[in-house]
Amino acid sequence: MVDCDRCERHFPHSRAFEQHKKDSDCHNECEDCNKDFTSPHGLKEHLVQSPRHSYCQYCKEHFDDDDELQAHFEDDHAYCRDCRRVFTDTNGLDQHYRQSEEHNYCAKCRKDFSTPRGLNEHLTQSSRHSYCQYCEEDFDDDDELSKHTDDEHAYCHKCERTFIDEDALAQHFRDSETHNYN
Ligand SMILES: [Zn+2]
Ligand SMILES: [Zn+2]
Ligand SMILES: [Zn+2]
Ligand SMILES: [Zn+2]
Ligand SMILES: [Zn+2]
Ligand SMILES: [Zn+2]
Ligand SMILES: [Zn+2]
């Protein structure tokens, strides 16, 4: 006789007991680890968290190692490599990029930069953007931006540089080698 303590049932031989464990929802075995979980959820948590497993909970599929799992995430799911997080679709990932402090993301170009500086340079230099770095605002086109610059800021036409206000521009005239104010 074999007893199943968990289910308080008895089996005539171990084969019947093994069959019971396969059939019952109370038994969720990880054969690799020789562990038996009381719920499918417990087993899932184990498969996802244990370093012994490279398991995709979305596809319910096992992979040989974490590299293969990561490659699978990147190919078949919306995956953030930096945060090691998987999202249900690219919209979820896109939202994560926008919201997370970890990222410096240009939503328009769908590009992620490693530093805030990198993003700032991209926004100021890319022809896809009409970006005011003082207001941290992206305008529809360069006309909108120059209108904004004229209204709010000061522009040096000789150097093609924008300054935050007239004072900064005046300071620039005094400091710059390009302008000889003597
Ligand atoms: Zn049982
Ligand atoms: Zn296991
Ligand atoms: Zn998957
Ligand atoms: Zn991330
Ligand atoms: Zn961009
Ligand atoms: Zn501005
Ligand atoms: Zn100048």
# chains A, B, ... in the order shown; residues from 1 in each chain; ligands from 1
>>> residues_around(residues="stretch 166-177 of chain A", least_positions_apart="3", cutoff="12 Å", atoms="only C-alpha atoms", output="ChimeraX atom specification")
/A:149-163,180-182
>>> write_last_selection(atoms="C-alpha atoms", output="PDB file, in the first residue's frame")
ATOM      1  CA  THR A 149      12.377  80.193 -30.035  1.00  0.00           C
ATOM      2  CA  ASP A 150      11.539  83.694 -31.275  1.00  0.00           C
ATOM      3  CA  ASP A 151       8.818  84.063 -28.662  1.00  0.00           C
ATOM      4  CA  GLU A 152      10.425  82.484 -25.667  1.00  0.00           C
ATOM      5  CA  HIS A 153      14.126  82.361 -26.250  1.00  0.00           C
ATOM      6  CA  ALA A 154      16.961  84.124 -28.029  1.00  0.00           C
ATOM      7  CA  TYR A 155      18.741  82.934 -31.120  1.00  0.00           C
ATOM      8  CA  CYS A 156      22.186  83.732 -32.442  1.00  0.00           C
ATOM      9  CA  HIS A 157      21.912  83.561 -36.228  1.00  0.00           C
ATOM     10  CA  LYS A 158      25.651  83.689 -36.729  1.00  0.00           C
ATOM     11  CA  CYS A 159      26.324  80.614 -34.550  1.00  0.00           C
ATOM     12  CA  GLU A 160      22.940  78.983 -35.160  1.00  0.00           C
ATOM     13  CA  ARG A 161      22.543  78.475 -31.454  1.00  0.00           C
ATOM     14  CA  THR A 162      19.575  78.979 -29.204  1.00  0.00           C
ATOM     15  CA  PHE A 163      19.919  80.638 -25.807  1.00  0.00           C
ATOM     16  CA  ASN A 180      34.130  90.769 -31.425  1.00  0.00           C
ATOM     17  CA  TYR A 181      32.496  93.246 -29.183  1.00  0.00           C
ATOM     18  CA  ASN A 182      35.446  95.376 -28.462  1.00  0.00           C
TER      19      ASN A 182
END
>>> residues_around(residues="stretch 52-67 of chain A", least_positions_apart="3", cutoff="10 Å", atoms="only C-alpha atoms", output="JSON, numbers by chain")
{"A": [32, 33, 44, 45, 46, 47, 48, 49, 70, 71, 72, 73, 76, 77, 86, 87, 88]}
>>> select_by_dssp(residues="stretch 4-168 of chain A", states="helix (DSSP H, G or I)", output="PyMOL selection string")
chain A and resi 14-23+40-49+66-76+90-99+116-125+142-152+166-168
>>> residues_near_ligand(ligand="ligand 6", cutoff="9 Å", atoms="only C-alpha atoms and all ligand atoms", output="ChimeraX atom specification")
/A:131-137,145,148-149,151-153,164
>>> write_last_selection(atoms="N, CA and C atoms", output="PDB file, in the first residue's frame")
ATOM      1  N   TYR A 131      13.152  70.063 -31.313  1.00  0.00           N
ATOM      2  CA  TYR A 131      13.151  69.958 -29.857  1.00  0.00           C
ATOM      3  C   TYR A 131      13.730  71.200 -29.198  1.00  0.00           C
ATOM      4  N   CYS A 132      12.990  71.710 -28.219  1.00  0.00           N
ATOM      5  CA  CYS A 132      13.541  72.791 -27.424  1.00  0.00           C
ATOM      6  C   CYS A 132      14.105  72.208 -26.139  1.00  0.00           C
ATOM      7  N   GLN A 133      15.412  72.265 -26.000  1.00  0.00           N
ATOM      8  CA  GLN A 133      16.039  71.618 -24.844  1.00  0.00           C
ATOM      9  C   GLN A 133      15.775  72.375 -23.552  1.00  0.00           C
ATOM     10  N   TYR A 134      15.417  73.658 -23.658  1.00  0.00           N
ATOM     11  CA  TYR A 134      15.136  74.420 -22.434  1.00  0.00           C
ATOM     12  C   TYR A 134      13.774  74.030 -21.860  1.00  0.00           C
ATOM     13  N   CYS A 135      12.812  73.884 -22.725  1.00  0.00           N
ATOM     14  CA  CYS A 135      11.461  73.553 -22.270  1.00  0.00           C
ATOM     15  C   CYS A 135      11.218  72.053 -22.286  1.00  0.00           C
ATOM     16  N   GLU A 136      12.194  71.315 -22.812  1.00  0.00           N
ATOM     17  CA  GLU A 136      12.060  69.866 -22.966  1.00  0.00           C
ATOM     18  C   GLU A 136      10.771  69.510 -23.696  1.00  0.00           C
ATOM     19  N   GLU A 137      10.582  70.227 -24.795  1.00  0.00           N
ATOM     20  CA  GLU A 137       9.367  70.010 -25.569  1.00  0.00           C
ATOM     21  C   GLU A 137       9.725  69.742 -27.022  1.00  0.00           C
ATOM     22  N   LEU A 145       9.154  75.241 -34.037  1.00  0.00           N
ATOM     23  CA  LEU A 145      10.248  75.434 -33.089  1.00  0.00           C
ATOM     24  C   LEU A 145      10.829  76.840 -33.187  1.00  0.00           C
ATOM     25  N   HIS A 148       8.581  79.283 -31.648  1.00  0.00           N
ATOM     26  CA  HIS A 148       8.717  79.158 -30.201  1.00  0.00           C
ATOM     27  C   HIS A 148      10.002  79.836 -29.711  1.00  0.00           C
ATOM     28  N   THR A 149      11.092  79.616 -30.425  1.00  0.00           N
ATOM     29  CA  THR A 149      12.377  80.193 -30.035  1.00  0.00           C
ATOM     30  C   THR A 149      12.317  81.720 -30.077  1.00  0.00           C
ATOM     31  N   ASP A 151       9.682  83.561 -29.737  1.00  0.00           N
ATOM     32  CA  ASP A 151       8.818  84.063 -28.662  1.00  0.00           C
ATOM     33  C   ASP A 151       9.448  83.938 -27.288  1.00  0.00           C
ATOM     34  N   GLU A 152      10.027  82.806 -27.037  1.00  0.00           N
ATOM     35  CA  GLU A 152      10.425  82.484 -25.667  1.00  0.00           C
ATOM     36  C   GLU A 152      11.920  82.609 -25.419  1.00  0.00           C
ATOM     37  N   HIS A 153      12.684  82.428 -26.451  1.00  0.00           N
ATOM     38  CA  HIS A 153      14.126  82.361 -26.250  1.00  0.00           C
ATOM     39  C   HIS A 153      14.838  83.356 -27.161  1.00  0.00           C
ATOM     40  N   ILE A 164      18.715  80.560 -23.759  1.00  0.00           N
ATOM     41  CA  ILE A 164      17.457  80.492 -23.000  1.00  0.00           C
ATOM     42  C   ILE A 164      16.737  81.839 -22.967  1.00  0.00           C
TER      43      ILE A 164
END
>>> residues_near_ligand(ligand="ligand 4", cutoff="10 Å", atoms="only C-alpha atoms and all ligand atoms", output="PyMOL selection string")
chain A and resi 79-86+93-104+112
>>> write_last_selection(atoms="N, CA and C atoms", output="PDB file, in the first residue's frame")
ATOM      1  N   TYR A  79      10.180  42.209 -25.055  1.00  0.00           N
ATOM      2  CA  TYR A  79      11.117  41.970 -23.961  1.00  0.00           C
ATOM      3  C   TYR A  79      12.013  43.173 -23.726  1.00  0.00           C
ATOM      4  N   CYS A  80      12.123  43.573 -22.456  1.00  0.00           N
ATOM      5  CA  CYS A  80      13.100  44.590 -22.120  1.00  0.00           C
ATOM      6  C   CYS A  80      14.331  43.908 -21.570  1.00  0.00           C
ATOM      7  N   ARG A  81      15.396  43.949 -22.327  1.00  0.00           N
ATOM      8  CA  ARG A  81      16.627  43.266 -21.986  1.00  0.00           C
ATOM      9  C   ARG A  81      17.247  43.843 -20.702  1.00  0.00           C
ATOM     10  N   ASP A  82      17.188  45.169 -20.565  1.00  0.00           N
ATOM     11  CA  ASP A  82      17.807  45.813 -19.405  1.00  0.00           C
ATOM     12  C   ASP A  82      17.139  45.411 -18.099  1.00  0.00           C
ATOM     13  N   CYS A  83      15.818  45.397 -18.114  1.00  0.00           N
ATOM     14  CA  CYS A  83      15.084  45.111 -16.877  1.00  0.00           C
ATOM     15  C   CYS A  83      14.740  43.638 -16.764  1.00  0.00           C
ATOM     16  N   ARG A  84      15.061  42.871 -17.806  1.00  0.00           N
ATOM     17  CA  ARG A  84      14.728  41.452 -17.848  1.00  0.00           C
ATOM     18  C   ARG A  84      13.252  41.231 -17.557  1.00  0.00           C
ATOM     19  N   ARG A  85      12.440  42.029 -18.243  1.00  0.00           N
ATOM     20  CA  ARG A  85      10.997  41.875 -18.066  1.00  0.00           C
ATOM     21  C   ARG A  85      10.318  41.615 -19.388  1.00  0.00           C
ATOM     22  N   VAL A  86       9.332  40.731 -19.358  1.00  0.00           N
ATOM     23  CA  VAL A  86       8.584  40.394 -20.562  1.00  0.00           C
ATOM     24  C   VAL A  86       7.216  41.060 -20.506  1.00  0.00           C
ATOM     25  N   LEU A  93       5.427  47.082 -23.729  1.00  0.00           N
ATOM     26  CA  LEU A  93       6.852  47.390 -23.667  1.00  0.00           C
ATOM     27  C   LEU A  93       7.094  48.882 -23.894  1.00  0.00           C
ATOM     28  N   ASP A  94       6.382  49.423 -24.876  1.00  0.00           N
ATOM     29  CA  ASP A  94       6.503  50.838 -25.191  1.00  0.00           C
ATOM     30  C   ASP A  94       6.157  51.690 -23.963  1.00  0.00           C
ATOM     31  N   GLN A  95       5.085  51.327 -23.304  1.00  0.00           N
ATOM     32  CA  GLN A  95       4.653  52.046 -22.109  1.00  0.00           C
ATOM     33  C   GLN A  95       5.703  51.927 -21.001  1.00  0.00           C
ATOM     34  N   HIS A  96       6.244  50.749 -20.863  1.00  0.00           N
ATOM     35  CA  HIS A  96       7.303  50.531 -19.868  1.00  0.00           C
ATOM     36  C   HIS A  96       8.493  51.444 -20.148  1.00  0.00           C
ATOM     37  N   TYR A  97       8.910  51.519 -21.397  1.00  0.00           N
ATOM     38  CA  TYR A  97      10.032  52.383 -21.774  1.00  0.00           C
ATOM     39  C   TYR A  97       9.761  53.847 -21.406  1.00  0.00           C
ATOM     40  N   ARG A  98       8.528  54.276 -21.669  1.00  0.00           N
ATOM     41  CA  ARG A  98       8.178  55.668 -21.380  1.00  0.00           C
ATOM     42  C   ARG A  98       8.179  55.947 -19.894  1.00  0.00           C
ATOM     43  N   GLN A  99       7.680  54.977 -19.114  1.00  0.00           N
ATOM     44  CA  GLN A  99       7.444  55.239 -17.696  1.00  0.00           C
ATOM     45  C   GLN A  99       8.645  54.945 -16.814  1.00  0.00           C
ATOM     46  N   SER A 100       9.443  53.983 -17.207  1.00  0.00           N
ATOM     47  CA  SER A 100      10.508  53.533 -16.314  1.00  0.00           C
ATOM     48  C   SER A 100      11.646  54.550 -16.234  1.00  0.00           C
ATOM     49  N   GLU A 101      12.116  54.745 -15.035  1.00  0.00           N
ATOM     50  CA  GLU A 101      13.264  55.633 -14.797  1.00  0.00           C
ATOM     51  C   GLU A 101      14.536  55.066 -15.426  1.00  0.00           C
ATOM     52  N   GLU A 102      14.528  53.763 -15.626  1.00  0.00           N
ATOM     53  CA  GLU A 102      15.715  53.082 -16.146  1.00  0.00           C
ATOM     54  C   GLU A 102      15.992  53.446 -17.602  1.00  0.00           C
ATOM     55  N   HIS A 103      14.974  53.990 -18.268  1.00  0.00           N
ATOM     56  CA  HIS A 103      15.116  54.174 -19.701  1.00  0.00           C
ATOM     57  C   HIS A 103      15.118  55.635 -20.109  1.00  0.00           C
ATOM     58  N   ASN A 104      15.782  55.890 -21.221  1.00  0.00           N
ATOM     59  CA  ASN A 104      15.790  57.209 -21.838  1.00  0.00           C
ATOM     60  C   ASN A 104      15.283  56.987 -23.249  1.00  0.00           C
ATOM     61  N   ASP A 112      15.804  53.495 -27.573  1.00  0.00           N
ATOM     62  CA  ASP A 112      16.143  53.638 -26.166  1.00  0.00           C
ATOM     63  C   ASP A 112      17.615  54.040 -26.036  1.00  0.00           C
TER      64      ASP A 112
END
>>> select_by_dssp(residues="chain A", states="strand (DSSP E or B)", output="number ranges by chain")
A: 2-4, 9-11, 28-30, 35-37, 55-56, 61-62, 78-80, 85-87, 104-106, 111-113, 130-132, 137-139, 154-156, 161-163
>>> residues_around(residues="stretch 35-42 of chain A", least_positions_apart="5", cutoff="8 Å", atoms="only C-alpha atoms", output="ChimeraX atom specification")
/A:25-30
>>> residues_around(residues="stretch 117-121 of chain A", least_positions_apart="3", cutoff="7 Å", atoms="only C-alpha atoms", output="PyMOL selection string")
chain A and resi 104-105+113-114+124-125
>>> write_last_selection(atoms="C-alpha atoms", output="PDB file, in the first residue's frame")
ATOM      1  CA  ASN A 104      15.790  57.209 -21.838  1.00  0.00           C
ATOM      2  CA  TYR A 105      13.329  56.543 -24.537  1.00  0.00           C
ATOM      3  CA  PHE A 113      19.262  55.510 -25.038  1.00  0.00           C
ATOM      4  CA  SER A 114      21.588  54.423 -22.273  1.00  0.00           C
ATOM      5  CA  THR A 124      18.480  68.114 -30.370  1.00  0.00           C
ATOM      6  CA  GLN A 125      20.391  66.672 -33.328  1.00  0.00           C
TER       7      GLN A 125
END
>>> residues_near_ligand(ligand="ligand 5", cutoff="8 Å", atoms="only C-alpha atoms and all ligand atoms", output="compact mmCIF listing (two decimals) with C-alpha atoms, in the first residue's frame")
# COMPACT_ATOMS: atom_id res chain seq x y z
CA CYS A 106 12.35 58.39 -27.68
CA ALA A 107 8.78 57.29 -28.30
CA LYS A 108 8.71 58.85 -31.77
CA CYS A 109 11.70 56.84 -33.01
CA ARG A 110 11.11 53.90 -30.69
CA LYS A 111 14.70 54.10 -29.60
CA LEU A 119 18.52 61.00 -25.47
CA HIS A 122 19.36 62.63 -30.13
CA LEU A 123 16.44 65.02 -29.63
CA SER A 126 17.99 64.33 -35.09
CA ARG A 128 13.09 63.92 -36.99
CA HIS A 129 12.75 66.21 -34.02
>>> closest_residue(among="A:Cys4, A:Asp143, A:Asn34, A:Glu74", to="A:Lys21", atoms="only C-alpha atoms")
A:Cys4
>>> closest_residue(among="A:Asp23, A:Asp3, A:Glu18, A:Glu31", to="ligand 2", atoms="only C-alpha atoms and all ligand atoms")
A:Glu31
>>> closest_residue(among="A:Met1, A:Cys7, A:Ala16, A:Ala78", to="ligand 1", atoms="only C-alpha atoms and all ligand atoms")
A:Cys7
>>> atom_distance(atom1="atom 1 (Zn, counted along the ligand's line) of ligand 2", atom2="atom CA of A:Asp89")
27.6 Å
>>> decode(residues="stretch 79-129 of chain A", atoms="C-alpha atoms", output="compact mmCIF listing (two decimals), in the first residue's frame")
# COMPACT_ATOMS: atom_id res chain seq x y z
CA TYR A 79 11.12 41.97 -23.96
CA CYS A 80 13.10 44.59 -22.12
CA ARG A 81 16.63 43.27 -21.99
CA ASP A 82 17.81 45.81 -19.41
CA CYS A 83 15.08 45.11 -16.88
CA ARG A 84 14.73 41.45 -17.85
CA ARG A 85 11.00 41.88 -18.07
CA VAL A 86 8.58 40.39 -20.56
CA PHE A 87 5.47 42.26 -21.70
CA THR A 88 2.34 40.90 -23.30
CA ASP A 89 2.78 43.01 -26.42
CA THR A 90 4.87 45.82 -27.87
CA ASN A 91 2.44 48.42 -26.51
CA GLY A 92 3.14 47.19 -23.00
CA LEU A 93 6.85 47.39 -23.67
CA ASP A 94 6.50 50.84 -25.19
CA GLN A 95 4.65 52.05 -22.11
CA HIS A 96 7.30 50.53 -19.87
CA TYR A 97 10.03 52.38 -21.77
CA ARG A 98 8.18 55.67 -21.38
CA GLN A 99 7.44 55.24 -17.70
CA SER A 100 10.51 53.53 -16.31
CA GLU A 101 13.26 55.63 -14.80
CA GLU A 102 15.71 53.08 -16.15
CA HIS A 103 15.12 54.17 -19.70
CA ASN A 104 15.79 57.21 -21.84
CA TYR A 105 13.33 56.54 -24.54
CA CYS A 106 12.35 58.39 -27.68
CA ALA A 107 8.78 57.29 -28.30
CA LYS A 108 8.71 58.85 -31.77
CA CYS A 109 11.70 56.84 -33.01
CA ARG A 110 11.11 53.90 -30.69
CA LYS A 111 14.70 54.10 -29.60
CA ASP A 112 16.14 53.64 -26.17
CA PHE A 113 19.26 55.51 -25.04
CA SER A 114 21.59 54.42 -22.27
CA THR A 115 21.87 57.89 -20.73
CA PRO A 116 19.63 60.97 -20.45
CA ARG A 117 22.44 62.80 -22.23
CA GLY A 118 22.24 60.40 -25.16
CA LEU A 119 18.52 61.00 -25.47
CA ASN A 120 19.00 64.75 -25.19
CA GLU A 121 21.62 64.73 -27.95
CA HIS A 122 19.36 62.63 -30.13
CA LEU A 123 16.44 65.02 -29.63
CA THR A 124 18.48 68.11 -30.37
CA GLN A 125 20.39 66.67 -33.33
CA SER A 126 17.99 64.33 -35.09
CA SER A 127 16.19 65.78 -38.10
CA ARG A 128 13.09 63.92 -36.99
CA HIS A 129 12.75 66.21 -34.02
